[in-house]
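Novice: run.cif is the file, holding mmCIF, C-alpha atoms and all ligand atoms:
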data_structure
#
loop_
_atom_site.group_PDB
_atom_site.id
_atom_site.type_symbol
_atom_site.label_atom_id
_atom_site.label_comp_id
_atom_site.auth_asym_id
_atom_site.auth_seq_id
_atom_site.Cartn_x
_atom_site.Cartn_y
_atom_site.Cartn_z
ATOM 1 C CA MET A 1 101.873 134.852 103.522
ATOM 2 C CA LYS A 2 104.782 136.646 101.810
ATOM 3 C CA VAL A 3 107.734 134.305 101.447
ATOM 4 C CA ARG A 4 111.240 135.094 100.246
ATOM 5 C CA PHE A 5 112.704 132.278 98.144
ATOM 6 C CA LYS A 6 116.489 132.174 97.967
ATOM 7 C CA ILE A 7 117.167 130.054 94.916
ATOM 8 C CA TRP A 8 120.468 128.647 93.726
ATOM 9 C CA ARG A 9 121.300 129.832 90.225
ATOM 10 C CA TYR A 10 124.081 128.521 88.053
ATOM 11 C CA ASP A 11 124.429 128.478 84.322
ATOM 12 C CA PRO A 12 127.767 126.913 83.383
ATOM 13 C CA ALA A 13 127.587 128.692 80.005
ATOM 14 C CA LYS A 14 127.919 132.125 81.632
ATOM 15 C CA ASP A 15 128.417 131.935 85.411
ATOM 16 C CA VAL A 16 131.849 131.588 86.965
ATOM 17 C CA GLN A 17 130.240 130.323 90.157
ATOM 18 C CA PRO A 18 126.761 129.713 91.595
ATOM 19 C CA TYR A 19 124.876 132.423 93.478
ATOM 20 C CA PHE A 20 121.501 132.771 95.233
ATOM 21 C CA GLN A 21 118.751 134.851 93.659
ATOM 22 C CA ASP A 22 115.770 136.174 95.647
ATOM 23 C CA TYR A 23 112.122 135.945 94.589
ATOM 24 C CA THR A 24 109.430 137.210 96.965
ATOM 25 C CA PHE A 25 105.698 136.668 96.488
ATOM 26 C CA ASP A 26 102.502 135.659 98.306
ATOM 27 C CA VAL A 27 102.289 131.929 98.924
ATOM 28 C CA LYS A 28 98.813 130.530 99.370
ATOM 29 C CA GLU A 29 97.825 127.721 101.721
ATOM 30 C CA GLY A 30 98.217 124.377 99.912
ATOM 31 C CA MET A 31 101.048 125.423 97.583
ATOM 32 C CA THR A 32 103.913 122.962 97.504
ATOM 33 C CA VAL A 33 107.489 124.109 96.963
ATOM 34 C CA LEU A 34 107.159 122.737 93.431
ATOM 35 C CA ASP A 35 104.042 124.897 92.870
ATOM 36 C CA CYS A 36 106.121 127.886 93.985
ATOM 37 C CA LEU A 37 108.888 127.048 91.517
ATOM 38 C CA TYR A 38 106.332 126.797 88.694
ATOM 39 C CA TYR A 39 104.860 130.127 89.853
ATOM 40 C CA ILE A 40 108.296 131.748 89.565
ATOM 41 C CA LYS A 41 108.942 130.193 86.170
ATOM 42 C CA GLU A 42 105.552 131.173 84.746
ATOM 43 C CA ASN A 43 105.230 134.655 86.291
ATOM 44 C CA ILE A 44 108.614 136.044 87.318
ATOM 45 C CA ASP A 45 111.609 134.370 85.698
ATOM 46 C CA ALA A 46 111.255 131.898 82.838
ATOM 47 C CA THR A 47 114.985 131.127 82.891
ATOM 48 C CA LEU A 48 114.834 129.138 86.143
ATOM 49 C CA ALA A 49 115.714 125.453 85.554
ATOM 50 C CA PHE A 50 114.454 122.598 87.709
ATOM 51 C CA ARG A 51 113.343 119.028 87.130
ATOM 52 C CA ALA A 52 109.883 117.603 87.897
ATOM 53 C CA SER A 53 107.297 115.382 86.314
ATOM 54 C CA CYS A 54 104.541 113.581 88.235
ATOM 55 C CA ARG A 55 103.866 116.201 90.971
ATOM 56 C CA MET A 56 102.764 113.379 93.271
ATOM 57 C CA GLY A 57 105.854 111.828 94.860
ATOM 58 C CA ILE A 58 106.098 108.976 92.370
ATOM 59 C CA CYS A 59 108.702 109.798 89.712
ATOM 60 C CA GLY A 60 111.497 110.965 92.021
ATOM 61 C CA SER A 61 112.593 113.826 89.738
ATOM 62 C CA CYS A 62 111.973 116.816 92.007
ATOM 63 C CA ALA A 63 114.322 115.966 94.896
ATOM 64 C CA MET A 64 116.208 119.094 95.947
ATOM 65 C CA TYR A 65 117.835 120.680 98.972
ATOM 66 C CA ILE A 66 115.098 122.670 100.701
ATOM 67 C CA ASN A 67 116.147 124.594 103.797
ATOM 68 C CA LYS A 68 119.261 122.413 103.905
ATOM 69 C CA LYS A 69 117.452 119.064 103.810
ATOM 70 C CA PRO A 70 116.909 116.754 100.846
ATOM 71 C CA ARG A 71 113.166 116.669 100.138
ATOM 72 C CA LEU A 72 110.734 116.161 97.281
ATOM 73 C CA ALA A 73 109.559 119.631 96.201
ATOM 74 C CA CYS A 74 106.157 118.241 95.182
ATOM 75 C CA GLU A 75 105.565 116.718 98.619
ATOM 76 C CA THR A 76 106.728 119.710 100.664
ATOM 77 C CA GLN A 77 104.095 122.233 101.633
ATOM 78 C CA ALA A 78 105.794 125.643 101.485
ATOM 79 C CA LEU A 79 103.972 127.094 104.504
ATOM 80 C CA SER A 80 104.488 123.991 106.624
ATOM 81 C CA LEU A 81 108.226 124.739 106.663
ATOM 82 C CA GLY A 82 107.295 127.370 109.263
ATOM 83 C CA THR A 83 109.486 130.167 107.923
ATOM 84 C CA ASP A 84 109.136 133.127 105.575
ATOM 85 C CA VAL A 85 112.530 132.432 103.996
ATOM 86 C CA ILE A 86 112.909 129.261 101.948
ATOM 87 C CA GLU A 87 116.300 128.381 100.547
ATOM 88 C CA ILE A 88 116.394 125.956 97.626
ATOM 89 C CA ALA A 89 119.547 124.415 96.153
ATOM 90 C CA PRO A 90 120.290 121.356 94.022
ATOM 91 C CA LEU A 91 120.997 118.061 95.788
ATOM 92 C CA PRO A 92 124.549 118.030 97.133
ATOM 93 C CA ASN A 93 126.978 115.208 96.284
ATOM 94 C CA TYR A 94 126.062 115.465 92.577
ATOM 95 C CA LYS A 95 127.481 117.612 89.808
ATOM 96 C CA ASN A 96 125.247 120.640 89.184
ATOM 97 C CA ILE A 97 124.026 120.786 85.564
ATOM 98 C CA LYS A 98 122.107 124.057 85.844
ATOM 99 C CA ASP A 99 120.242 125.898 88.644
ATOM 100 C CA LEU A 100 118.351 123.215 90.622
ATOM 101 C CA VAL A 101 119.146 120.335 88.277
ATOM 102 C CA PRO A 102 121.666 117.754 89.548
ATOM 103 C CA ASP A 103 123.408 115.250 87.306
ATOM 104 C CA LEU A 104 121.967 111.933 88.529
ATOM 105 C CA THR A 105 124.169 109.808 86.245
ATOM 106 C CA PRO A 106 126.193 108.322 89.164
ATOM 107 C CA LEU A 107 122.949 107.308 90.919
ATOM 108 C CA PHE A 108 121.706 105.376 87.898
ATOM 109 C CA GLU A 109 125.123 103.898 87.057
ATOM 110 C CA LYS A 110 125.635 102.619 90.604
ATOM 111 C CA HIS A 111 122.103 101.244 90.612
ATOM 112 C CA LYS A 112 122.708 99.408 87.330
ATOM 113 C CA ASN A 113 125.977 97.924 88.646
ATOM 114 C CA VAL A 114 124.224 95.911 91.374
ATOM 115 C CA LYS A 115 121.955 94.124 88.852
ATOM 116 C CA PRO A 116 118.653 95.440 90.211
ATOM 117 C CA TYR A 117 116.399 92.756 88.779
ATOM 118 C CA VAL A 118 115.396 89.186 89.560
ATOM 119 C CA ILE A 119 118.087 86.807 88.303
ATOM 120 C CA PRO A 120 116.364 83.463 87.771
ATOM 121 C CA GLU A 121 117.757 80.043 88.643
ATOM 122 C CA ASN A 122 116.685 78.834 85.237
ATOM 123 C CA GLU A 123 116.704 81.507 82.532
ATOM 124 C CA GLN A 124 114.421 79.407 80.325
ATOM 125 C CA GLU A 125 111.629 79.886 82.836
ATOM 126 C CA PHE A 126 111.660 83.607 82.054
ATOM 127 C CA ILE A 127 111.891 83.135 78.296
ATOM 128 C CA ASN A 128 109.272 80.368 78.088
ATOM 129 C CA PRO A 129 107.365 80.376 81.384
ATOM 130 C CA THR A 130 105.786 77.117 82.460
ATOM 131 C CA GLY A 131 104.290 78.547 85.630
ATOM 132 C CA GLU A 132 104.082 81.494 87.965
ATOM 133 C CA TYR A 133 106.145 82.058 91.079
ATOM 134 C CA SER A 134 104.166 82.223 94.266
ATOM 135 C CA GLN A 135 105.323 84.020 97.401
ATOM 136 C CA THR A 136 103.738 84.043 100.813
ATOM 137 C CA PRO A 137 102.969 87.422 102.428
ATOM 138 C CA ALA A 138 105.878 86.769 104.823
ATOM 139 C CA GLU A 139 108.268 86.184 101.894
ATOM 140 C CA LEU A 140 107.072 89.424 100.278
ATOM 141 C CA GLU A 141 107.680 91.321 103.528
ATOM 142 C CA GLU A 142 111.369 90.333 103.380
ATOM 143 C CA TYR A 143 111.951 92.970 100.684
ATOM 144 C CA LEU A 144 108.739 94.996 100.277
ATOM 145 C CA GLN A 145 109.749 98.226 102.046
ATOM 146 C CA PHE A 146 112.944 98.432 99.959
ATOM 147 C CA ALA A 147 110.897 98.074 96.772
ATOM 148 C CA TYR A 148 109.239 101.451 97.446
ATOM 149 C CA CYS A 149 112.383 103.287 96.279
ATOM 150 C CA ILE A 150 111.556 105.872 93.568
ATOM 151 C CA LYS A 151 115.228 106.585 92.699
ATOM 152 C CA CYS A 152 115.042 110.235 93.723
ATOM 153 C CA GLY A 153 118.652 110.280 94.900
ATOM 154 C CA ALA A 154 117.946 112.097 98.178
ATOM 155 C CA CYS A 155 119.735 109.426 100.212
ATOM 156 C CA LEU A 156 123.003 109.919 98.311
ATOM 157 C CA ALA A 157 122.732 113.661 98.913
ATOM 158 C CA ALA A 158 122.475 113.038 102.661
ATOM 159 C CA CYS A 159 125.186 110.368 102.895
ATOM 160 C CA PRO A 160 128.525 111.595 104.327
ATOM 161 C CA THR A 161 130.368 108.625 102.812
ATOM 162 C CA VAL A 162 129.152 109.464 99.298
ATOM 163 C CA GLY A 163 130.474 112.992 99.955
ATOM 164 C CA THR A 164 133.994 111.754 100.672
ATOM 165 C CA THR A 165 134.178 108.561 98.580
ATOM 166 C CA PRO A 166 132.739 109.044 95.076
ATOM 167 C CA ASP A 167 133.228 105.336 94.251
ATOM 168 C CA PHE A 168 131.062 104.189 97.179
ATOM 169 C CA PRO A 169 127.903 102.643 95.652
ATOM 170 C CA GLY A 170 125.740 104.628 98.063
ATOM 171 C CA PRO A 171 122.611 103.794 100.007
ATOM 172 C CA GLN A 172 120.238 103.547 97.048
ATOM 173 C CA ALA A 173 122.223 100.932 95.110
ATOM 174 C CA LEU A 174 123.118 98.913 98.208
ATOM 175 C CA ALA A 175 119.519 98.882 99.406
ATOM 176 C CA GLN A 176 118.364 97.727 95.982
ATOM 177 C CA ALA A 177 121.022 95.010 95.903
ATOM 178 C CA TYR A 178 119.668 93.748 99.205
ATOM 179 C CA ARG A 179 116.073 94.095 97.964
ATOM 180 C CA TYR A 180 116.771 91.544 95.208
ATOM 181 C CA ASN A 181 118.938 89.318 97.410
ATOM 182 C CA ALA A 182 116.027 89.066 99.824
ATOM 183 C CA ASP A 183 113.566 88.141 97.087
ATOM 184 C CA ASN A 184 113.163 84.368 97.035
ATOM 185 C CA ARG A 185 112.613 84.296 93.256
ATOM 186 C CA ASP A 186 116.163 85.587 92.832
ATOM 187 C CA PHE A 187 119.471 83.726 92.533
ATOM 188 C CA GLY A 188 121.830 86.673 91.942
ATOM 189 C CA GLU A 189 123.130 87.172 95.478
ATOM 190 C CA LYS A 190 126.641 85.867 94.741
ATOM 191 C CA GLU A 191 127.073 88.205 91.751
ATOM 192 C CA ARG A 192 125.923 91.215 93.764
ATOM 193 C CA LYS A 193 128.232 90.341 96.648
ATOM 194 C CA VAL A 194 131.241 90.242 94.312
ATOM 195 C CA GLN A 195 130.239 93.696 93.067
ATOM 196 C CA VAL A 196 130.216 95.377 96.513
ATOM 197 C CA ASP A 197 132.662 93.334 98.635
ATOM 198 C CA ASN A 198 135.637 95.741 98.491
ATOM 199 C CA PRO A 199 137.092 98.556 100.618
ATOM 200 C CA LYS A 200 135.086 101.248 98.821
ATOM 201 C CA GLY A 201 131.959 99.122 98.650
ATOM 202 C CA LEU A 202 129.482 97.884 101.234
ATOM 203 C CA TRP A 203 131.963 98.015 104.134
ATOM 204 C CA ARG A 204 132.556 101.727 103.641
ATOM 205 C CA CYS A 205 129.142 102.512 105.170
ATOM 206 C CA HIS A 206 129.781 104.007 108.617
ATOM 207 C CA MET A 207 126.151 103.722 109.649
ATOM 208 C CA ALA A 208 125.487 107.455 109.877
ATOM 209 C CA GLY A 209 121.823 106.678 109.189
ATOM 210 C CA ALA A 210 121.306 109.973 107.305
ATOM 211 C CA CYS A 211 119.941 108.094 104.276
ATOM 212 C CA ALA A 212 117.044 106.645 106.255
ATOM 213 C CA GLU A 213 116.152 110.077 107.606
ATOM 214 C CA ALA A 214 116.296 111.661 104.145
ATOM 215 C CA CYS A 215 114.201 109.106 102.275
ATOM 216 C CA PRO A 216 110.802 110.578 101.362
ATOM 217 C CA LYS A 217 109.286 107.134 100.743
ATOM 218 C CA GLY A 218 109.998 105.526 104.105
ATOM 219 C CA VAL A 219 112.657 103.199 102.724
ATOM 220 C CA ASP A 220 115.368 102.480 105.269
ATOM 221 C CA PRO A 221 118.543 102.008 103.195
ATOM 222 C CA ALA A 222 120.680 101.942 106.365
ATOM 223 C CA LEU A 223 118.764 98.880 107.558
ATOM 224 C CA ALA A 224 119.166 97.194 104.162
ATOM 225 C CA ILE A 225 122.920 97.810 104.280
ATOM 226 C CA GLN A 226 123.187 96.256 107.749
ATOM 227 C CA LEU A 227 121.148 93.233 106.647
ATOM 228 C CA PHE A 228 123.331 92.950 103.550
ATOM 229 C CA LYS A 229 126.490 93.001 105.730
ATOM 230 C CA ARG A 230 124.981 90.343 107.992
ATOM 231 C CA SER A 231 124.297 88.101 105.018
ATOM 232 C CA PHE A 232 128.079 87.725 104.516
ATOM 233 C CA PHE A 233 128.273 85.915 107.871
ATOM 234 C CA PHE A 234 124.903 84.210 108.235
ATOM 235 C CA THR A 235 124.167 82.483 105.010
ATOM 236 C CA GLY A 236 120.886 80.761 105.809
ATOM 237 C CA ARG A 237 119.259 79.677 102.536
ATOM 238 C CA LYS A 238 116.028 81.452 101.773
ATOM 239 C CA PRO A 239 113.242 79.070 100.770
ATOM 240 C CA LYS A 240 112.784 79.038 96.990
ATOM 241 C CA ALA A 241 109.617 80.613 95.613
ATOM 242 C CA ARG A 242 107.260 77.895 94.472
ATOM 243 C CA LEU A 243 106.664 77.502 90.751
ATOM 244 C CA ILE A 244 102.991 76.837 90.200
ATOM 245 C CA PRO A 245 102.439 75.269 86.761
ATOM 246 C CA LEU A 246 100.233 77.240 84.422
ATOM 247 C CA ASN A 247 96.955 75.548 83.657
ATOM 248 C CA LYS A 248 96.392 76.522 80.040
ATOM 249 C CA GLU A 249 92.852 75.201 79.960
ATOM 250 C CA LYS A 250 91.454 76.798 83.104
ATOM 251 C CA PRO A 251 91.464 80.620 83.357
ATOM 252 C CA ALA A 252 94.120 81.903 85.779
ATOM 253 C CA ARG A 253 93.267 84.125 88.758
ATOM 254 C CA GLY A 254 91.154 87.096 87.707
ATOM 255 C CA GLY A 255 89.526 85.103 84.923
ATOM 256 C CA ILE A 256 92.355 85.725 82.455
ATOM 257 C CA LYS A 257 93.483 82.682 80.513
ATOM 258 C CA ALA A 258 97.242 82.072 80.528
ATOM 259 C CA PRO A 259 98.771 83.278 77.231
ATOM 260 C CA GLU A 260 100.260 80.822 74.755
ATOM 261 C CA PRO A 261 104.059 81.020 74.820
ATOM 262 C CA THR A 262 105.426 83.127 71.971
ATOM 263 C CA VAL A 263 108.469 82.087 69.930
HETATM 264 S S1 LIG B 1 116.059 104.951 99.004
HETATM 265 FE FE1 LIG B 1 114.633 106.663 99.322
HETATM 266 S S2 LIG B 1 115.935 108.506 99.204
HETATM 267 FE FE2 LIG B 1 117.108 106.817 98.291
HETATM 268 S S3 LIG B 1 116.664 106.961 96.086
HETATM 269 FE FE3 LIG B 1 115.189 105.486 96.992
HETATM 270 S S4 LIG B 1 113.366 106.739 97.458
HETATM 271 FE FE4 LIG B 1 115.060 108.186 97.148
HETATM 272 S S1 LIG B 2 107.525 115.581 90.595
HETATM 273 FE FE1 LIG B 2 107.575 113.391 90.697
HETATM 274 S S2 LIG B 2 108.277 112.994 92.711
HETATM 275 FE FE2 LIG B 2 108.029 115.154 92.666
#
Show how you would write the structure in this file as structure tokens.

Specialist:
Amino acid sequence: MKVRFKIWRYDPAKDVQPYFQDYTFDVKEGMTVLDCLYYIKENIDATLAFRASCRMGICGSCAMYINKKPRLACETQALSLGTDVIEIAPLPNYKNIKDLVPDLTPLFEKHKNVKPYVIPENEQEFINPTGEYSQTPAELEEYLQFAYCIKCGACLAACPTVGTTPDFPGPQALAQAYRYNADNRDFGEKERKVQVDNPKGLWRCHMAGACAEACPKGVDPALAIQLFKRSFFFTGRKPKARLIPLNKEKPARGGIKAPEPTV
């Protein structure tokens, strides 16, 4: 089927403002929007800039605004959009570096600010482990769906609060803060709460829910934000993950002997 692609072009070195450029060609069944962009770059216009890597919905680099919705280009079948005109623009709510490439620096900075890693009760246990932490399937479920985030940034592009309040941490960072708070190997909840408990922080979320709809990985950042808010009022202690001592003589699970601690 012949499809007309209307693609956002902007080169800050020479363009005063962005514009849409048309490319029309036959799209075959099975081609993703990313395949179409590569087709354009390899056969029609080598100057087109976009970002992609894995081509399989894992790396999060190809998120863009396709027919006015944030989507992963590599996971979007061009013909399944059900139209012969496909408009592609960079994710909104980010600075545009060139053509379809957004500047994701704020996404990564906001993510870093919420300390997105397990903060141990006893740091020595991570430097010189004496055992392994065991979680039950139910304890894993407390945070598992939020751990599927691939940092594509689509949720920030959809969020109306990010659009009006640049300092708002945004759904990705807040969901990841909650993901670690809910992990019973972690003891960093207080530090993360200090980071987001301010008028432009967690409480700025108006519960539009657009982030959950935009997420290509089924993460529900809106839910995480509500659970995070609730945790300020209901502070039930999560049960600590059990530390199971390493048995250095017997092989651990999978037949692999526990390594000697390194100095
Ligand atoms: S929560 Fe979803 S939309 Fe947001 S960055 Fe993670 S994977 Fe992308
Ligand atoms: S290219 Fe990696 S998610 Fe699309």

Novice: Can you tell me, as a list of chain:residue names, what residues are no more than 9 Å from range 108-121 of chain A when counting all atoms listed in the file, ignoring any on the same chain fewer than 6 positions away?

Specialist: A:Lys151, A:Asp167, A:Phe168, A:Pro169, A:Gly170, A:Gln172, A:Ala173, A:Leu174, A:Gln176, A:Ala177, A:Arg179, A:Tyr180, A:Asn181, A:Asp183, A:Arg185, A:Asp186, A:Phe187, A:Gly188, A:Glu189, A:Glu191, A:Arg192, A:Lys193, A:Gln195, A:Val196

Novice: Would you save the residues from that selection as a JSON list (two decimals), keeping the file's coordinate frame, using C-alpha atoms?

Specialist:
[["chain", "number", "residue", "atom", "x", "y", "z"],
["A", 151, "LYS", "CA", 115.23, 106.58, 92.70],
["A", 167, "ASP", "CA", 133.23, 105.34, 94.25],
["A", 168, "PHE", "CA", 131.06, 104.19, 97.18],
["A", 169, "PRO", "CA", 127.90, 102.64, 95.65],
["A", 170, "GLY", "CA", 125.74, 104.63, 98.06],
["A", 172, "GLN", "CA", 120.24, 103.55, 97.05],
["A", 173, "ALA", "CA", 122.22, 100.93, 95.11],
["A", 174, "LEU", "CA", 123.12, 98.91, 98.21],
["A", 176, "GLN", "CA", 118.36, 97.73, 95.98],
["A", 177, "ALA", "CA", 121.02, 95.01, 95.90],
["A", 179, "ARG", "CA", 116.07, 94.10, 97.96],
["A", 180, "TYR", "CA", 116.77, 91.54, 95.21],
["A", 181, "ASN", "CA", 118.94, 89.32, 97.41],
["A", 183, "ASP", "CA", 113.57, 88.14, 97.09],
["A", 185, "ARG", "CA", 112.61, 84.30, 93.26],
["A", 186, "ASP", "CA", 116.16, 85.59, 92.83],
["A", 187, "PHE", "CA", 119.47, 83.73, 92.53],
["A", 188, "GLY", "CA", 121.83, 86.67, 91.94],
["A", 189, "GLU", "CA", 123.13, 87.17, 95.48],
["A", 191, "GLU", "CA", 127.07, 88.20, 91.75],
["A", 192, "ARG", "CA", 125.92, 91.22, 93.76],
["A", 193, "LYS", "CA", 128.23, 90.34, 96.65],
["A", 195, "GLN", "CA", 130.24, 93.70, 93.07],
["A", 196, "VAL", "CA", 130.22, 95.38, 96.51]]

Novice: Name the residues in contact with range 86-95 of chain A at a cut-off of 6 Å, using all atoms listed in the file, excluding same-chain residues fewer than 3 positions from it; report them as a PDB file with C-alpha atoms, in the coordinates of the input.

Specialist:
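Wrote it out as selection_32.pdb, contents follow:
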ATOM      1  CA  PHE A   5     112.704 132.278  98.144  1.00  0.00           C
ATOM      2  CA  LYS A   6     116.489 132.174  97.967  1.00  0.00           C
ATOM      3  CA  ILE A   7     117.167 130.054  94.916  1.00  0.00           C
ATOM      4  CA  TRP A   8     120.468 128.647  93.726  1.00  0.00           C
ATOM      5  CA  MET A  64     116.208 119.094  95.947  1.00  0.00           C
ATOM      6  CA  TYR A  65     117.835 120.680  98.972  1.00  0.00           C
ATOM      7  CA  ILE A  66     115.098 122.670 100.701  1.00  0.00           C
ATOM      8  CA  ASN A  67     116.147 124.594 103.797  1.00  0.00           C
ATOM      9  CA  LEU A 100     118.351 123.215  90.622  1.00  0.00           C
ATOM     10  CA  VAL A 101     119.146 120.335  88.277  1.00  0.00           C
ATOM     11  CA  PRO A 102     121.666 117.754  89.548  1.00  0.00           C
ATOM     12  CA  ASP A 103     123.408 115.250  87.306  1.00  0.00           C
ATOM     13  CA  ALA A 157     122.732 113.661  98.913  1.00  0.00           C
ATOM     14  CA  GLY A 163     130.474 112.992  99.955  1.00  0.00           C
TER      15      GLY A 163
END

Novice: Wanna dump the chain A-ligand LIG 2 (chain B) contacts at 6 Å for me, each residue with its shortest atom pair and the distance in Å to one decimal, counting only C-alpha atoms and all ligand atoms, ordered by chain and number, as JSON lines?

Specialist:
{"residue": "A:Ala52", "atom": "CA", "partner": "B:LIG2", "partner_atom": "S1", "distance": 4.1}
{"residue": "A:Ser53", "atom": "CA", "partner": "B:LIG2", "partner_atom": "S1", "distance": 4.3}
{"residue": "A:Cys54", "atom": "CA", "partner": "B:LIG2", "partner_atom": "FE1", "distance": 3.9}
{"residue": "A:Arg55", "atom": "CA", "partner": "B:LIG2", "partner_atom": "S1", "distance": 3.7}
{"residue": "A:Met56", "atom": "CA", "partner": "B:LIG2", "partner_atom": "FE1", "distance": 5.5}
{"residue": "A:Gly57", "atom": "CA", "partner": "B:LIG2", "partner_atom": "S2", "distance": 3.4}
{"residue": "A:Ile58", "atom": "CA", "partner": "B:LIG2", "partner_atom": "S2", "distance": 4.6}
{"residue": "A:Cys59", "atom": "CA", "partner": "B:LIG2", "partner_atom": "FE1", "distance": 3.9}
{"residue": "A:Gly60", "atom": "CA", "partner": "B:LIG2", "partner_atom": "S2", "distance": 3.9}
{"residue": "A:Ser61", "atom": "CA", "partner": "B:LIG2", "partner_atom": "FE1", "distance": 5.1}
{"residue": "A:Cys62", "atom": "CA", "partner": "B:LIG2", "partner_atom": "FE2", "distance": 4.3}
{"residue": "A:Leu72", "atom": "CA", "partner": "B:LIG2", "partner_atom": "FE2", "distance": 5.4}
{"residue": "A:Ala73", "atom": "CA", "partner": "B:LIG2", "partner_atom": "FE2", "distance": 5.9}
{"residue": "A:Cys74", "atom": "CA", "partner": "B:LIG2", "partner_atom": "FE2", "distance": 4.4}

Novice: Taking (111.8, 126.9, 84.9) in the file's coordinates, which residues come within 12 Å, counting only C-alpha atoms, written as a ChimeraX atom specification?

Specialist: /A:7,9,34-52,98-101

Novice: Please build the interface table for chain A against ligand LIG 1 (chain B) with a cut-off of 8 Å, listing for each qualifying residue the nearest atom pair and the distance in Å to one decimal; count only C-alpha atoms and all ligand atoms, order rows by chain and increasing number, and write it as a Markdown table.

Specialist:
| residue | atom | partner | partner_atom | distance |
| --- | --- | --- | --- | --- |
| A:Gly60 | CA | B:LIG1 | FE4 | 6.8 |
| A:Phe146 | CA | B:LIG1 | S1 | 7.3 |
| A:Tyr148 | CA | B:LIG1 | S4 | 6.7 |
| A:Cys149 | CA | B:LIG1 | FE3 | 3.6 |
| A:Ile150 | CA | B:LIG1 | S4 | 4.4 |
| A:Lys151 | CA | B:LIG1 | S3 | 3.7 |
| A:Cys152 | CA | B:LIG1 | FE4 | 4.0 |
| A:Gly153 | CA | B:LIG1 | S3 | 4.0 |
| A:Ala154 | CA | B:LIG1 | S2 | 4.2 |
| A:Cys155 | CA | B:LIG1 | S2 | 4.0 |
| A:Leu156 | CA | B:LIG1 | FE2 | 6.7 |
| A:Pro171 | CA | B:LIG1 | FE2 | 6.5 |
| A:Gln172 | CA | B:LIG1 | FE2 | 4.7 |
| A:Ala175 | CA | B:LIG1 | S1 | 7.0 |
| A:Cys211 | CA | B:LIG1 | S2 | 6.5 |
| A:Ala212 | CA | B:LIG1 | FE1 | 7.3 |
| A:Ala214 | CA | B:LIG1 | S2 | 5.9 |
| A:Cys215 | CA | B:LIG1 | S2 | 3.6 |
| A:Pro216 | CA | B:LIG1 | FE1 | 5.8 |
| A:Lys217 | CA | B:LIG1 | S4 | 5.3 |
| A:Gly218 | CA | B:LIG1 | FE1 | 6.8 |
| A:Val219 | CA | B:LIG1 | FE1 | 5.2 |
| A:Asp220 | CA | B:LIG1 | S1 | 6.8 |
| A:Pro221 | CA | B:LIG1 | S1 | 5.7 |

Novice: N, CA, C and O atoms are needed for range 25-34 of chain A; please write them out as a PDB file, in the coordinates of the input.

Specialist:
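The file below, selection19.pdb, is the result:
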ATOM      1  N   PHE A  25     107.103 136.564  96.917  1.00  0.00           N
ATOM      2  CA  PHE A  25     105.698 136.668  96.488  1.00  0.00           C
ATOM      3  C   PHE A  25     104.795 136.014  97.535  1.00  0.00           C
ATOM      4  O   PHE A  25     105.278 135.352  98.458  1.00  0.00           O
ATOM      5  N   ASP A  26     103.482 136.231  97.370  1.00  0.00           N
ATOM      6  CA  ASP A  26     102.502 135.659  98.306  1.00  0.00           C
ATOM      7  C   ASP A  26     102.322 134.178  98.046  1.00  0.00           C
ATOM      8  O   ASP A  26     101.993 133.784  96.922  1.00  0.00           O
ATOM      9  N   VAL A  27     102.509 133.373  99.056  1.00  0.00           N
ATOM     10  CA  VAL A  27     102.289 131.929  98.924  1.00  0.00           C
ATOM     11  C   VAL A  27     100.961 131.595  99.576  1.00  0.00           C
ATOM     12  O   VAL A  27     100.692 132.005 100.711  1.00  0.00           O
ATOM     13  N   LYS A  28     100.139 130.873  98.834  1.00  0.00           N
ATOM     14  CA  LYS A  28      98.813 130.530  99.370  1.00  0.00           C
ATOM     15  C   LYS A  28      98.865 129.169 100.058  1.00  0.00           C
ATOM     16  O   LYS A  28      99.673 128.312  99.695  1.00  0.00           O
ATOM     17  N   GLU A  29      97.976 129.001 101.031  1.00  0.00           N
ATOM     18  CA  GLU A  29      97.825 127.721 101.721  1.00  0.00           C
ATOM     19  C   GLU A  29      97.667 126.608 100.670  1.00  0.00           C
ATOM     20  O   GLU A  29      96.922 126.762  99.700  1.00  0.00           O
ATOM     21  N   GLY A  30      98.367 125.516 100.835  1.00  0.00           N
ATOM     22  CA  GLY A  30      98.217 124.377  99.912  1.00  0.00           C
ATOM     23  C   GLY A  30      99.265 124.338  98.808  1.00  0.00           C
ATOM     24  O   GLY A  30      99.373 123.345  98.099  1.00  0.00           O
ATOM     25  N   MET A  31     100.035 125.446  98.651  1.00  0.00           N
ATOM     26  CA  MET A  31     101.048 125.423  97.583  1.00  0.00           C
ATOM     27  C   MET A  31     102.268 124.618  98.044  1.00  0.00           C
ATOM     28  O   MET A  31     102.795 124.823  99.139  1.00  0.00           O
ATOM     29  N   THR A  32     102.680 123.696  97.197  1.00  0.00           N
ATOM     30  CA  THR A  32     103.913 122.962  97.504  1.00  0.00           C
ATOM     31  C   THR A  32     105.103 123.811  97.027  1.00  0.00           C
ATOM     32  O   THR A  32     104.930 124.776  96.264  1.00  0.00           O
ATOM     33  N   VAL A  33     106.287 123.399  97.442  1.00  0.00           N
ATOM     34  CA  VAL A  33     107.489 124.109  96.963  1.00  0.00           C
ATOM     35  C   VAL A  33     107.565 124.010  95.438  1.00  0.00           C
ATOM     36  O   VAL A  33     107.943 124.962  94.763  1.00  0.00           O
ATOM     37  N   LEU A  34     107.145 122.870  94.900  1.00  0.00           N
ATOM     38  CA  LEU A  34     107.159 122.737  93.431  1.00  0.00           C
ATOM     39  C   LEU A  34     106.181 123.727  92.796  1.00  0.00           C
ATOM     40  O   LEU A  34     106.500 124.352  91.775  1.00  0.00           O
TER      41      LEU A  34
END
